[in-house]
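Asks: Please read through the structure below; I'll follow up with questions.
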Amino acid sequence: MSQITTETDTDLESAILVGVRLPGQTRHECEETLNELALLADTAGAEVVDRMVQERSRLDSATFIGRGKVDELAERIKELGANLVIFDDDLSPAQMKGLEEPLGVKIIDRSRLILDIFSRRAKTREAQTQVELAQLQYSLPRLTRQWTHLSRQSGGSIGLRGPGETQLEVDRRAIRTRINSLSSALNRISRQRTISRKSRKDIFQVALVGYTNAGKSTLMRTLSGADVFIEDRLFATLDSTTRSVDLGYNRSILLTDTVGFIRKLPHHLVASFRSTLEETIEADLLMHVVDVSHPAWQEHVSAVVETLNDLDIADAPTLMVMNKADRLEASGDRAEVQRHYEDAVWISALKSEGIEELKEALYNRLEGSRVVLNLQIPQASGKLLSELHRVGEVLSTRFSGNDVLLEIKLSRQNADRIVPDAFVRAS
């Protein structure tokens, strides 16, 4: 698949963005998706020179936006010298064909744009395999467009049957064979991941989820020290990273960062990245990171929940984390957010603000609330003493004859599980 000019090239492609507002969609929602499309175009290395929104009762099956709007778009292309048009929704092969000749420039849709970005950002073998699979699944129904030159041959249908049709079928078979091969490779990766997860099943696993550019990778680095790639652009990283995070009190978790979500994330892309997203599916807790300073944060939350719904985990245990809280100027704005999410943790991952509170919240999800106990335990109970030091935070240690006097902080769950009532002293 050809790609948009990369960021390293000197000449950026000039792009016009096109969206359609259908009944039931507000103008604000339409503008927000186009704003996101502009960010995607910037990530891909294109310069947005104009945008166009067409209000329609339904999509035009031949040109998506209607013949009149196509003529208007063609004029804008000439005026601005644009050489690329990006549509905010997926185009059918027929719509792509209906647009190419009158516009005379390269045309791509949202899925193609995202796939181009993904192909550039994928670093590991797994991510590259997933991206290639999604690209081929996108390309397969659009293959016929590559053979339209045969229809221009004169003389009716005689002489047009062999080479083109045969080549098209060869291409289709080759793509289907490659899709099967990539699917098998991802299945093997999935099985390897399953084995790896079983080896660490006794460790509490937390998956970072959130809208792309919400600050997940920054939070990952702040919590774990992981050397992850961070950039203020959409889809800065695709590859999942898992690291251990020390919560204190002799407890730790495994934290996994995965690909961010956006509106209109192509379903075939979600399917292709399922092996990566299985880390999210199998997690004990989802940590939903929200850029609370973004004016469309509520729409971002909805887009993430929609994708989680596609993965059948929308009801999984979730901790809401309101990131970039330092950018939220008005205290009234914070009160409004808290009204919706009372138990959310407020942080600034970049400035490391609120991180201790976040660790405390994670600990409480892991262990429950903590209590302080004064214990008198015989020194002969070495196994119990060792276990208490492993799961609790020892505040003080004294000795009285053959007994050890401990002041210890530990979870109510562990206290009920391992501490005999006979060893508990009055405070």
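Note on naming: chains are A, B, ... as they come in the structure tokens, residues start from 1 per chain, ligands start from 1 in the order shown.
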Using only C-alpha atoms, which protein or nucleic acid residues come within 10 Å of segment 336-341 of chain A? Drop anything in the same chain fewer than 5 positions from it, and give the result as a PDB file with C-alpha atoms, in the first residue's frame.

Replies:
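Here's the written file out13.pdb:
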ATOM      1  CA  VAL A 292      -9.380  15.865  31.730  1.00  0.00           C
ATOM      2  CA  TRP A 297     -12.936  14.557  27.406  1.00  0.00           C
ATOM      3  CA  GLN A 298     -16.440  13.146  27.857  1.00  0.00           C
ATOM      4  CA  LEU A 319     -10.176   2.885  38.075  1.00  0.00           C
ATOM      5  CA  MET A 320     -10.717   6.299  36.474  1.00  0.00           C
ATOM      6  CA  VAL A 321      -7.565   8.442  36.423  1.00  0.00           C
ATOM      7  CA  MET A 322      -7.986  12.116  35.523  1.00  0.00           C
ATOM      8  CA  SER A 331     -12.167  24.792  40.237  1.00  0.00           C
ATOM      9  CA  TRP A 346      -6.509  13.202  39.943  1.00  0.00           C
TER      10      TRP A 346
END

Asks: For the structure I just gave you, how does DSSP split segment 344-401 of chain A - specifically, which residues are helix (DSSP H, G or I)? Reply as JSON, numbers by chain.

Replies: {"A": [355, 356, 357, 358, 359, 360, 361, 362, 363, 364, 365, 366, 367, 382, 383, 384, 385, 386, 387, 388, 389, 390, 391]}

Asks: Check the smallest atom-to-atom distance from each of A:Thr241, A:Thr124, A:Thr280, A:Thr43 to Leu308 of chain A using only C-alpha atoms, then report the winner.

Replies: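 Nearest to Leu308 of chain A: A:Thr280.
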
Asks: Determine which residues of segment 275-356 of chain A DSSP labels as strand (DSSP E or B) from the backbone of this structure, then write them out as a VMD selection string.

Replies: chain A and resid 285 to 291 318 to 323 345 to 346 348 353

Asks: As an exercise, work out the distance from atom CA of Ser14 of chain A to atom CA of Val105 of chain A in Å and give it to one decimal place.

Replies: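 Taking atom CA of Ser14 of chain A and atom CA of Val105 of chain A, their separation equals 10.7 Å.
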
Asks: Using only C-alpha atoms, which residue out of A:Asp291, A:Asp227, A:Glu299, A:Glu13 lies closest to Glu29 of chain A?

Replies: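 Of A:Asp291, A:Asp227, A:Glu299, A:Glu13, the one nearest Glu29 of chain A, counting only C-alpha atoms, is A:Glu299.
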
Asks: Would you list the contacts of segment 171-173 of chain A as a PDB file with C-alpha atoms, in the first residue's frame, taking every protein, DNA or RNA residue within 8 Å and counting only C-alpha atoms, but skipping same-chain residues closer than 3 positions in sequence?

Replies:
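And here's result-v3.pdb as it stands now:
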ATOM      1  CA  LEU A 140      -9.162  -7.117  -0.321  1.00  0.00           C
ATOM      2  CA  LEU A 143      -8.819  -4.774  -5.400  1.00  0.00           C
ATOM      3  CA  GLN A 167      -4.782 -11.525 -12.482  1.00  0.00           C
ATOM      4  CA  LEU A 168      -7.445 -10.198 -10.142  1.00  0.00           C
ATOM      5  CA  ARG A 176      -6.246 -14.500   1.256  1.00  0.00           C
ATOM      6  CA  THR A 177      -3.263 -16.843   1.606  1.00  0.00           C
TER       7      THR A 177
END

Asks: Write out as an MDAnalysis selection string each polymer residue whose atoms come within 8 Å of Ala46 of chain A, counting only C-alpha atoms; drop sequence neighbours fewer than 2 positions from it.

Replies: chainID A and resid 4:5 12:15 41:44 48

Asks: Between A:Asp88, A:Asp246, A:Leu362, A:Gln54, which one has atoms that come closest to Pro317 of chain A, using only C-alpha atoms?

Replies: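 That would be A:Leu362, the residue with the smallest distance to Pro317 of chain A.
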
Asks: Rounded to one decimal place, report the atom CA of Glu356 of chain A-atom CA of Lys324 of chain A distance in Å.

Replies: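 Atom CA of Lys324 of chain A lies at a distance of 15.5 Å from atom CA of Glu356 of chain A.
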
Asks: Would you kindly return, as a ChimeraX atom specification, each protein, DNA or RNA residue with an atom no farther than 9 Å from any atom of Glu407 of chain A, considering only C-alpha atoms and excluding same-chain residues fewer than 5 positions away?

Replies: /A:372-375,393-398
